[in-house]
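> Take this structure, written in structure tokens, and hold onto it; I'll ask about it next.
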Amino acid sequence: MSSYIIEVSDECIGCGICVDLCPLNCLRMGEDNKPYLQYEECWYCGCCEIECPVSCLKMHFPFLIY
Amino acid sequence: MKLQQVIINTDVLIIGGGCAGSMAAICIKDAAPNLNVCIMEKGHIKRSGSVTMGMDALNVAVIPGISTPEEYLETVKKKCWGIMDYFPNYTLAIKSFELLKTLESWGVFFPKNEDGNYNIMQVDTSGKFCVGMDEPDLKPIMEKKIREAKIDVLNKTMGTKLIVKNGKILGAVGLNINNGQVVCCKAKCVILANGSASRFGLPNTGYLYGTFDFPGNAGDGFALAYRAGAKITGMEFTLKYALVKDLNIPLIYIVLTRGGEVVNGSGEVIVDKNNLSIFLIVEALENRKGPLFLKTDHLSKEKIMEIENILFSTERPMQRRYWELKDIKFGRDLIELNLTEAQLCGGHGISGIVINEQSHTNIKGLFAAGDVSSVPMQHLTGAFVYGKIAGESAIEYCNNGNFPENHKDIHWEFDAELSHLGSLLNLTKNNTIQPTTFEYKLRRIINEYLLSPKNSSSLKKGLSLIYELREQLPYQVLAKNFHELSKVLEIGYILDCAQMSAISSLTRKESRWGCIHRRSDYPDTDDVNWLKHIDLQVGQTYPETDIYLREIQRGDGE
Ligand SMILES: Cc1cc2nc3c(=O)[nH]c(=O)nc-3n(C[C@H](O)[C@H](O)[C@H](O)COP(=O)(O)OP(=O)(O)OC[C@H]3O[C@@H](n4cnc5c(N)ncnc54)[C@H](O)[C@@H]3O)c2cc1C
């Protein structure tokens, strides 16, 4: 899927806060216990990045809109 | 994959935990702690809704000594070209300052200048009603209050049906979009606060979720209310804004009130702070006078820093990265503006559930607040003011009504909704179309047939395509899991909104609001016949529609 929108570093503690808070419910936890973008329904609000307690997640804008 | 069932009871059910719904819940618990309150929210109340990442202004604030309710009413009336009721807007105006003070007491930050005055901006050609607010944590502040008040919250749960019998609300059904639990919530009354129809027209990028307004609101509230028999108004007001091209985020007010300008390709100034009118920008773009740009290279370093501080800290902080990607710098480069997709909204526009100044709908025990309801251009202030009013009306209703046990009706309706949801999830069918593909086609049809310039043949053609898609939906679209099931339901809401919009646009045989409703077959504005609301209500059998023309409510002495 579109992993380019969400980049997660090794510091991720797998807490799942980003998955829970995503206003559009488009993130999921992978088998590696890290979040990924399951549905390409992102509004680019950046809440996942801002709410991450260990600042391990980065949101990227996709080619389509820049 | 099976739908699980659960039945719960509450006094007040609130559908939608954005600003309006959260405010309603907090106010009810504060004034009537004995009442049980439950919020059903499709996302998670901490960050869901239009205000996801904070907000930088309260667009309606009538501050004593600065402006008056009468001035505000004049301004809105002008912006709506007369299609608005007096009392709901008057109530908004007189309660707006008290609301600002309440938010301030909760810790919401309203910056003040050296003289201790609020940062009041003139964003309309008349009147100063916009107050700067610098609050990235608006939703988290409310979420904390909700947690402290021990209000029940069902996150990831979307309201799918209102249960109404003999014109009176009995509760609602909700679907947990992650685990497939279907909740039958029996309630004495229900407050609908689930936002606008944001996923309506298709944005220029073709990206379904790249909308200006929060895309989690697919017109759910309009459709639920319509199906239950509530009156819906102003659906011909197919509103487009002018925002940053492709990214579709607002910054015009912030930049123009600090001295920026909107210029065309030859550098001519179209709008600046002395004639700050979004209407002029939209009209210029619609009439192919673009491209238009935001110009800031004449501003001082301090002003640029001020602009960047607001843009990169409050509403959409992520945009800093966007500008870096595009190598665009404020103070150096032009920023291209473009029209947004069309939306239907009671906060930015005039479309929504008909309510009075007490948030009552025409259904007993059903109240509505915020973008889902029509209090023209009420914005965030309206969501808060009417959230509180809806809460007060709910308390009064709970205290004074009688609520006989009505098990049979509720269970019958619940079972019907369960089998409806189950049928859409049925994987044994031969459906092959992805929900996103179906939605793309529907919204492309909205763009092609339902927007200005409108005319009778294109609207009729659009309507017939919408009816066709309606027939096809259950036989074509495949929902492989509960999340996708929620998308199929949302397509149903967009279909309802599209149908209502086409019918309203066909009914209004005149042109009004510039390119929002421009009929090439009726090019003139006709106040003699059309200074009226167009209300819609479900007919004998859904999705049939009855149309009502309603007189404009005037104020005392008007
Ligand atoms: C980008 C942007 C900038 C804005 N800037 C300003 C500004 O500067 N000043 C200003 O005054 N106003 C502004 N507004 C307008 C203001 O934000 C809205 O008018 C206000 O937030 C609406 O509140 P609401 O509670 O009605 O809707 P929302 O806050 O959108 O909340 C609706 C909630 O309902 C939920 N929901 C939807 N469907 C369902 C369902 N079926 N079941 C359960 N839950 C559901 C959604 O997840 C959402 O949380 C802006 C709006 C946007 C989009």
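Just so we're on the same page: first chain in the structure tokens is A, next is B, and so on; residues restart at 1 for each chain, and ligands are numbered from 1 in the order they show up.
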Check every protein, DNA and RNA residue against ligand 1, keep those with an atom at most 6 Å away (counting only C-alpha atoms and all ligand atoms), and present them as a ChimeraX atom specification.
/B:15-21,40-43,48-51,55-59,157-160,193-195,212-214,216-217,220,249,347,370-372,379-381,383
> Okay, now the selection with C-alpha atoms, as a short mmCIF file (atom, residue, chain, number, x, y, z; two decimals), in the first residue's frame?

```cif
data_model
loop_
_atom_site.label_atom_id
_atom_site.label_comp_id
_atom_site.auth_asym_id
_atom_site.auth_seq_id
_atom_site.Cartn_x
_atom_site.Cartn_y
_atom_site.Cartn_z
CA ILE B 15 -24.18 11.56 16.89
CA GLY B 16 -20.89 13.23 15.91
CA GLY B 17 -18.21 14.31 18.37
CA GLY B 18 -16.84 17.34 16.53
CA CYS B 19 -17.06 20.79 18.08
CA ALA B 20 -20.87 20.94 18.12
CA GLY B 21 -21.39 17.45 19.55
CA MET B 40 -21.27 8.11 18.82
CA GLU B 41 -18.24 9.27 16.84
CA LYS B 42 -17.03 7.82 13.57
CA GLY B 43 -13.40 8.72 14.29
CA SER B 48 -11.98 14.11 14.69
CA GLY B 49 -13.92 16.65 12.65
CA SER B 50 -13.18 19.87 10.85
CA VAL B 51 -10.97 21.11 13.65
CA MET B 55 -8.12 26.52 14.44
CA ASP B 56 -6.90 30.06 14.11
CA ALA B 57 -10.04 32.19 14.18
CA LEU B 58 -13.57 32.38 15.45
CA ASN B 59 -15.30 33.74 12.37
CA THR B 157 -18.89 4.11 15.64
CA MET B 158 -20.91 5.69 12.87
CA GLY B 159 -24.59 6.44 13.20
CA THR B 160 -26.33 4.61 10.34
CA ALA B 193 -23.96 16.94 15.07
CA ASN B 194 -22.21 15.00 12.36
CA GLY B 195 -21.06 17.73 10.05
CA PHE B 212 -11.33 21.43 1.76
CA ASP B 213 -13.76 20.38 4.49
CA PHE B 214 -13.23 17.33 6.70
CA GLY B 216 -15.02 12.09 7.23
CA ASN B 217 -18.29 13.98 6.82
CA ASP B 220 -24.14 11.39 6.79
CA ILE B 249 -6.25 24.43 2.58
CA GLY B 347 -21.59 26.26 8.55
CA GLY B 370 -23.23 22.77 13.70
CA ASP B 371 -22.43 22.22 10.03
CA VAL B 372 -25.20 19.64 9.65
CA HIS B 379 -18.88 28.59 11.13
CA LEU B 380 -17.16 27.35 14.27
CA THR B 381 -19.04 29.84 16.44
CA ALA B 383 -21.13 24.80 16.08
#
```
> So that each row is one residue of chain A with an atom at most 9 Å from chain B, can you give its shortest atom pair and the distance in Å to one decimal, using only C-alpha atoms, rows by chain and rising number, as JSON lines?

```
{"residue": "A:Asp20", "atom": "CA", "partner": "B:His44", "partner_atom": "CA", "distance": 7.0}
{"residue": "A:Leu21", "atom": "CA", "partner": "B:His44", "partner_atom": "CA", "distance": 5.5}
{"residue": "A:Cys22", "atom": "CA", "partner": "B:Gly43", "partner_atom": "CA", "distance": 7.0}
{"residue": "A:Pro23", "atom": "CA", "partner": "B:Ser48", "partner_atom": "CA", "distance": 4.7}
{"residue": "A:Leu24", "atom": "CA", "partner": "B:Gly216", "partner_atom": "CA", "distance": 6.0}
{"residue": "A:Asn25", "atom": "CA", "partner": "B:Gly43", "partner_atom": "CA", "distance": 6.4}
{"residue": "A:Cys26", "atom": "CA", "partner": "B:His483", "partner_atom": "CA", "distance": 8.9}
{"residue": "A:Glu40", "atom": "CA", "partner": "B:Tyr209", "partner_atom": "CA", "distance": 8.4}
{"residue": "A:Glu41", "atom": "CA", "partner": "B:Tyr209", "partner_atom": "CA", "distance": 5.7}
{"residue": "A:Cys42", "atom": "CA", "partner": "B:Tyr209", "partner_atom": "CA", "distance": 6.5}
{"residue": "A:Trp43", "atom": "CA", "partner": "B:Tyr209", "partner_atom": "CA", "distance": 6.0}
{"residue": "A:Tyr44", "atom": "CA", "partner": "B:Met318", "partner_atom": "CA", "distance": 7.5}
{"residue": "A:Cys45", "atom": "CA", "partner": "B:Arg316", "partner_atom": "CA", "distance": 6.3}
{"residue": "A:Gly46", "atom": "CA", "partner": "B:Met318", "partner_atom": "CA", "distance": 6.0}
{"residue": "A:Cys47", "atom": "CA", "partner": "B:Met53", "partner_atom": "CA", "distance": 6.7}
{"residue": "A:Met59", "atom": "CA", "partner": "B:Met318", "partner_atom": "CA", "distance": 8.1}
{"residue": "A:His60", "atom": "CA", "partner": "B:Arg321", "partner_atom": "CA", "distance": 8.0}
{"residue": "A:Phe61", "atom": "CA", "partner": "B:Tyr322", "partner_atom": "CA", "distance": 6.9}
{"residue": "A:Leu64", "atom": "CA", "partner": "B:Thr205", "partner_atom": "CA", "distance": 7.0}
{"residue": "A:Ile65", "atom": "CA", "partner": "B:Asp246", "partner_atom": "CA", "distance": 5.3}
{"residue": "A:Tyr66", "atom": "CA", "partner": "B:Lys326", "partner_atom": "CA", "distance": 6.6}
```
> Hey, can you spit out that residue selection with C-alpha atoms as a short mmCIF file (atom, residue, chain, number, x, y, z; two decimals), in the first residue's frame?

```
data_model
loop_
_atom_site.label_atom_id
_atom_site.label_comp_id
_atom_site.auth_asym_id
_atom_site.auth_seq_id
_atom_site.Cartn_x
_atom_site.Cartn_y
_atom_site.Cartn_z
CA ASP A 20 -6.58 4.98 17.24
CA LEU A 21 -6.65 8.74 16.73
CA CYS A 22 -6.53 8.92 12.92
CA PRO A 23 -9.73 10.88 12.15
CA LEU A 24 -10.29 8.87 8.98
CA ASN A 25 -9.45 5.48 10.42
CA CYS A 26 -7.01 4.75 7.64
CA GLU A 40 -5.57 5.79 0.93
CA GLU A 41 -8.09 8.06 2.61
CA CYS A 42 -5.70 10.47 4.32
CA TRP A 43 -6.52 14.19 4.73
CA TYR A 44 -2.88 15.05 5.55
CA CYS A 45 -3.94 16.56 8.86
CA GLY A 46 -0.74 15.20 10.40
CA CYS A 47 -2.40 14.18 13.65
CA MET A 59 3.83 12.11 7.22
CA HIS A 60 4.68 12.80 3.57
CA PHE A 61 2.58 14.52 0.93
CA LEU A 64 -0.56 13.71 -6.62
CA ILE A 65 -0.95 16.94 -4.69
CA TYR A 66 2.37 18.74 -4.76
#
```
> Could you pull out the strand (DSSP E) residues of stretch 96-328 of chain B, going by DSSP on the backbone, and write them as a VMD selection string?
chain B and resid 120 to 121 130 to 135 152 to 154 157 to 165 168 to 176 181 to 192 232 to 233 242 to 244 261 to 264 269 to 271 292 to 295
> Between atom CA of B:Asp30 and atom CA of B:Ile191, what distance in Å does the model show, to one decimal?
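Separation between atom CA of B:Asp30 and atom CA of B:Ile191: 16.6 Å.
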> Please provide as number ranges by chain all residues within 6 Å of stretch 106-117 of chain B, with the sequence filter that same-chain residues fewer than 6 positions apart are discarded (counting only C-alpha atoms).
B: 133-135
> What's around B:Thr75 at 8 Å? Count only C-alpha atoms, leave out sequence neighbours fewer than 6 positions away in its own chain, and write the answer as an NGL selection string.
:B and (124 or 126-127)
> Give me a file of those residues, with N, CA and C atoms, as an mmCIF file, in the first residue's frame.

```cif
data_model
loop_
_atom_site.group_PDB
_atom_site.id
_atom_site.type_symbol
_atom_site.label_atom_id
_atom_site.label_comp_id
_atom_site.auth_asym_id
_atom_site.auth_seq_id
_atom_site.Cartn_x
_atom_site.Cartn_y
_atom_site.Cartn_z
ATOM 1 N N ASP B 124 -14.962 40.633 5.951
ATOM 2 C CA ASP B 124 -16.075 40.878 5.041
ATOM 3 C C ASP B 124 -16.009 42.345 4.687
ATOM 4 N N SER B 126 -18.162 44.447 5.079
ATOM 5 C CA SER B 126 -18.698 45.262 6.170
ATOM 6 C C SER B 126 -18.562 44.512 7.485
ATOM 7 N N GLY B 127 -18.238 45.234 8.536
ATOM 8 C CA GLY B 127 -18.269 44.653 9.888
ATOM 9 C C GLY B 127 -17.048 43.852 10.277
#
```
> I need the residue nearest A:Asp32 from this list: A:Ile13, A:Ile5, A:Cys52, A:Val19. Use only C-alpha atoms for the distance.
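Using only C-alpha atoms, A:Asp32 sits closest to A:Ile13.
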> Could you give me, as a PyMOL selection string, the residues within 8 Å of stretch 357-364 of chain B, counting only C-alpha atoms and dropping anything in the same chain fewer than 2 positions from it?
chain B and resi 87-89+91+167-169+229-231+353-355+366-369+386+389-390+393
> Could you write out that same residue set with N, CA and C atoms as a JSON list (two decimals), in the first residue's frame?

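That gives us again-v7.json:
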```json
[["chain", "number", "residue", "atom", "x", "y", "z"],
["B", 87, "PHE", "N", -34.27, 34.81, 13.34],
["B", 87, "PHE", "CA", -34.02, 34.47, 14.74],
["B", 87, "PHE", "C", -32.83, 33.53, 14.98],
["B", 88, "PRO", "N", -32.64, 32.49, 14.18],
["B", 88, "PRO", "CA", -31.45, 31.66, 14.41],
["B", 88, "PRO", "C", -30.15, 32.46, 14.29],
["B", 89, "ASN", "N", -30.08, 33.36, 13.32],
["B", 89, "ASN", "CA", -28.86, 34.15, 13.15],
["B", 89, "ASN", "C", -28.71, 35.21, 14.24],
["B", 91, "THR", "N", -29.82, 34.92, 17.28],
["B", 91, "THR", "CA", -29.41, 34.18, 18.49],
["B", 91, "THR", "C", -27.91, 33.89, 18.44],
["B", 167, "GLY", "N", -43.36, 10.42, 14.15],
["B", 167, "GLY", "CA", -42.78, 11.76, 14.27],
["B", 167, "GLY", "C", -41.98, 11.99, 15.54],
["B", 168, "LYS", "N", -41.63, 10.92, 16.25],
["B", 168, "LYS", "CA", -40.90, 11.09, 17.52],
["B", 168, "LYS", "C", -39.68, 10.17, 17.52],
["B", 169, "ILE", "N", -38.57, 10.69, 18.02],
["B", 169, "ILE", "CA", -37.34, 9.91, 18.00],
["B", 169, "ILE", "C", -37.35, 8.85, 19.12],
["B", 229, "GLY", "N", -37.26, 11.74, 8.01],
["B", 229, "GLY", "CA", -38.40, 12.65, 7.84],
["B", 229, "GLY", "C", -38.14, 14.09, 8.24],
["B", 230, "ALA", "N", -36.88, 14.43, 8.53],
["B", 230, "ALA", "CA", -36.59, 15.83, 8.87],
["B", 230, "ALA", "C", -36.53, 16.66, 7.60],
["B", 231, "LYS", "N", -36.76, 17.96, 7.76],
["B", 231, "LYS", "CA", -36.71, 18.84, 6.58],
["B", 231, "LYS", "C", -35.28, 19.33, 6.35],
["B", 353, "ILE", "N", -30.03, 20.73, 7.79],
["B", 353, "ILE", "CA", -31.30, 20.41, 8.44],
["B", 353, "ILE", "C", -31.94, 21.72, 8.91],
["B", 354, "VAL", "N", -33.24, 21.84, 8.70],
["B", 354, "VAL", "CA", -33.94, 23.05, 9.14],
["B", 354, "VAL", "C", -34.07, 23.00, 10.67],
["B", 355, "ILE", "N", -33.53, 24.02, 11.33],
["B", 355, "ILE", "CA", -33.72, 24.12, 12.79],
["B", 355, "ILE", "C", -34.21, 25.53, 13.13],
["B", 366, "LEU", "N", -35.62, 15.26, 18.23],
["B", 366, "LEU", "CA", -34.41, 15.31, 17.40],
["B", 366, "LEU", "C", -33.94, 16.76, 17.28],
["B", 367, "PHE", "N", -32.71, 17.00, 17.73],
["B", 367, "PHE", "CA", -32.12, 18.33, 17.66],
["B", 367, "PHE", "C", -30.91, 18.27, 16.73],
["B", 368, "ALA", "N", -30.52, 19.40, 16.17],
["B", 368, "ALA", "CA", -29.34, 19.39, 15.29],
["B", 368, "ALA", "C", -28.51, 20.63, 15.54],
["B", 369, "ALA", "N", -27.19, 20.49, 15.39],
["B", 369, "ALA", "CA", -26.29, 21.63, 15.64],
["B", 369, "ALA", "C", -25.04, 21.54, 14.78],
["B", 386, "TYR", "N", -24.72, 26.61, 18.94],
["B", 386, "TYR", "CA", -25.87, 25.71, 18.76],
["B", 386, "TYR", "C", -25.65, 24.34, 19.40],
["B", 389, "ILE", "N", -26.99, 25.18, 22.76],
["B", 389, "ILE", "CA", -28.45, 25.33, 22.71],
["B", 389, "ILE", "C", -29.12, 23.96, 22.55],
["B", 390, "ALA", "N", -28.55, 23.10, 21.68],
["B", 390, "ALA", "CA", -29.13, 21.76, 21.49],
["B", 390, "ALA", "C", -29.10, 21.00, 22.81],
["B", 393, "SER", "N", -31.90, 22.29, 24.99],
["B", 393, "SER", "CA", -33.19, 21.79, 24.53],
["B", 393, "SER", "C", -33.36, 20.31, 24.87]]
```
> Suppose you want the space between atom CA of A:Ser9 and atom CA of A:Asn33; what is it in Å?
12.1 Å
> What parts of chain A does DSSP call helix (DSSP H, G or I)? I'd like the answer as number ranges by chain.
A: 17-21, 47-51, 63-65
> Write out the residues from the selection above, keeping N, CA, C and O atoms, as a PDB file, in the first residue's frame.

```
ATOM      1  N   ILE A  17      -1.313   4.567  19.220  1.00  0.00           N
ATOM      2  CA  ILE A  17      -2.061   5.820  19.414  1.00  0.00           C
ATOM      3  C   ILE A  17      -2.421   6.441  18.060  1.00  0.00           C
ATOM      4  O   ILE A  17      -3.544   6.895  17.848  1.00  0.00           O
ATOM      5  N   CYS A  18      -1.486   6.425  17.123  1.00  0.00           N
ATOM      6  CA  CYS A  18      -1.739   7.019  15.801  1.00  0.00           C
ATOM      7  C   CYS A  18      -2.903   6.307  15.103  1.00  0.00           C
ATOM      8  O   CYS A  18      -3.753   6.943  14.482  1.00  0.00           O
ATOM      9  N   VAL A  19      -2.932   4.985  15.244  1.00  0.00           N
ATOM     10  CA  VAL A  19      -3.984   4.195  14.593  1.00  0.00           C
ATOM     11  C   VAL A  19      -5.342   4.558  15.202  1.00  0.00           C
ATOM     12  O   VAL A  19      -6.332   4.738  14.497  1.00  0.00           O
ATOM     13  N   ASP A  20      -5.348   4.696  16.516  1.00  0.00           N
ATOM     14  CA  ASP A  20      -6.579   4.979  17.240  1.00  0.00           C
ATOM     15  C   ASP A  20      -7.113   6.382  16.928  1.00  0.00           C
ATOM     16  O   ASP A  20      -8.314   6.579  16.768  1.00  0.00           O
ATOM     17  N   LEU A  21      -6.201   7.352  16.850  1.00  0.00           N
ATOM     18  CA  LEU A  21      -6.648   8.741  16.729  1.00  0.00           C
ATOM     19  C   LEU A  21      -6.880   9.199  15.289  1.00  0.00           C
ATOM     20  O   LEU A  21      -7.517  10.225  15.072  1.00  0.00           O
ATOM     21  N   CYS A  47      -2.139  14.500  12.247  1.00  0.00           N
ATOM     22  CA  CYS A  47      -2.404  14.184  13.654  1.00  0.00           C
ATOM     23  C   CYS A  47      -1.581  12.975  14.109  1.00  0.00           C
ATOM     24  O   CYS A  47      -1.088  12.928  15.231  1.00  0.00           O
ATOM     25  N   CYS A  48      -1.351  11.998  13.215  1.00  0.00           N
ATOM     26  CA  CYS A  48      -0.560  10.809  13.581  1.00  0.00           C
ATOM     27  C   CYS A  48       0.852  11.213  13.991  1.00  0.00           C
ATOM     28  O   CYS A  48       1.401  10.715  14.973  1.00  0.00           O
ATOM     29  N   GLU A  49       1.415  12.154  13.240  1.00  0.00           N
ATOM     30  CA  GLU A  49       2.791  12.584  13.528  1.00  0.00           C
ATOM     31  C   GLU A  49       2.843  13.392  14.820  1.00  0.00           C
ATOM     32  O   GLU A  49       3.709  13.185  15.664  1.00  0.00           O
ATOM     33  N   ILE A  50       1.873  14.277  14.977  1.00  0.00           N
ATOM     34  CA  ILE A  50       1.897  15.166  16.138  1.00  0.00           C
ATOM     35  C   ILE A  50       1.587  14.421  17.439  1.00  0.00           C
ATOM     36  O   ILE A  50       2.136  14.725  18.486  1.00  0.00           O
ATOM     37  N   GLU A  51       0.731  13.423  17.355  1.00  0.00           N
ATOM     38  CA  GLU A  51       0.347  12.699  18.573  1.00  0.00           C
ATOM     39  C   GLU A  51       1.334  11.589  18.944  1.00  0.00           C
ATOM     40  O   GLU A  51       1.233  11.003  20.015  1.00  0.00           O
ATOM     41  N   PHE A  63       2.800  12.587  -4.349  1.00  0.00           N
ATOM     42  CA  PHE A  63       3.084  13.253  -5.612  1.00  0.00           C
ATOM     43  C   PHE A  63       1.828  13.912  -6.212  1.00  0.00           C
ATOM     44  O   PHE A  63       1.886  15.001  -6.781  1.00  0.00           O
ATOM     45  N   LEU A  64       0.703  13.232  -6.045  1.00  0.00           N
ATOM     46  CA  LEU A  64      -0.558  13.709  -6.621  1.00  0.00           C
ATOM     47  C   LEU A  64      -0.875  15.163  -6.282  1.00  0.00           C
ATOM     48  O   LEU A  64      -1.478  15.874  -7.078  1.00  0.00           O
ATOM     49  N   ILE A  65      -0.489  15.604  -5.080  1.00  0.00           N
ATOM     50  CA  ILE A  65      -0.953  16.939  -4.685  1.00  0.00           C
ATOM     51  C   ILE A  65       0.146  17.984  -4.531  1.00  0.00           C
ATOM     52  O   ILE A  65      -0.127  19.088  -4.092  1.00  0.00           O
TER      53      ILE A  65
END
```
> To one decimal in Å, tell me the separation between atom CA of B:Asn399 and atom CA of B:Val190.
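These two atoms are separated by 14.2 Å.
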> Mind checking which residues fall within 9 Å of B:Ile547, counting only C-alpha atoms, ignoring those fewer than 5 positions away in the same chain, and posting them as an mmCIF file with N, CA, C and O atoms, in the first residue's frame?

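Output file around.cif is given in full below:
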```cif
data_model
loop_
_atom_site.group_PDB
_atom_site.id
_atom_site.type_symbol
_atom_site.label_atom_id
_atom_site.label_comp_id
_atom_site.auth_asym_id
_atom_site.auth_seq_id
_atom_site.Cartn_x
_atom_site.Cartn_y
_atom_site.Cartn_z
ATOM 1 N N ILE B 503 -32.541 18.142 -7.138
ATOM 2 C CA ILE B 503 -33.967 18.521 -7.060
ATOM 3 C C ILE B 503 -34.112 19.986 -6.652
ATOM 4 O O ILE B 503 -34.898 20.744 -7.229
ATOM 5 N N SER B 504 -33.333 20.414 -5.668
ATOM 6 C CA SER B 504 -33.415 21.817 -5.237
ATOM 7 C C SER B 504 -32.971 22.753 -6.347
ATOM 8 O O SER B 504 -33.583 23.802 -6.565
ATOM 9 N N THR B 507 -35.581 23.104 -8.854
ATOM 10 C CA THR B 507 -36.731 23.861 -8.340
ATOM 11 C C THR B 507 -36.483 25.365 -8.404
ATOM 12 O O THR B 507 -37.374 26.129 -8.774
ATOM 13 N N ILE B 534 -36.027 26.678 -0.117
ATOM 14 C CA ILE B 534 -36.529 25.432 -0.710
ATOM 15 C C ILE B 534 -36.218 24.315 0.274
ATOM 16 O O ILE B 534 -35.051 24.005 0.534
ATOM 17 N N ASP B 535 -37.265 23.749 0.870
ATOM 18 C CA ASP B 535 -37.094 22.657 1.843
ATOM 19 C C ASP B 535 -37.492 21.339 1.186
ATOM 20 O O ASP B 535 -38.440 21.292 0.398
ATOM 21 N N LEU B 536 -36.787 20.288 1.540
ATOM 22 C CA LEU B 536 -37.111 18.952 1.024
ATOM 23 C C LEU B 536 -37.404 18.014 2.182
ATOM 24 O O LEU B 536 -36.842 18.146 3.264
ATOM 25 N N GLN B 537 -38.285 17.065 1.900
ATOM 26 C CA GLN B 537 -38.607 16.063 2.912
ATOM 27 C C GLN B 537 -38.876 14.756 2.175
ATOM 28 O O GLN B 537 -39.383 14.782 1.049
ATOM 29 N N VAL B 538 -38.530 13.646 2.818
ATOM 30 C CA VAL B 538 -38.737 12.368 2.155
ATOM 31 C C VAL B 538 -40.241 12.180 1.870
ATOM 32 O O VAL B 538 -41.085 12.579 2.679
ATOM 33 N N GLY B 539 -40.558 11.617 0.705
ATOM 34 C CA GLY B 539 -41.963 11.425 0.346
ATOM 35 C C GLY B 539 -42.529 10.146 0.952
ATOM 36 O O GLY B 539 -41.979 9.608 1.909
#
```
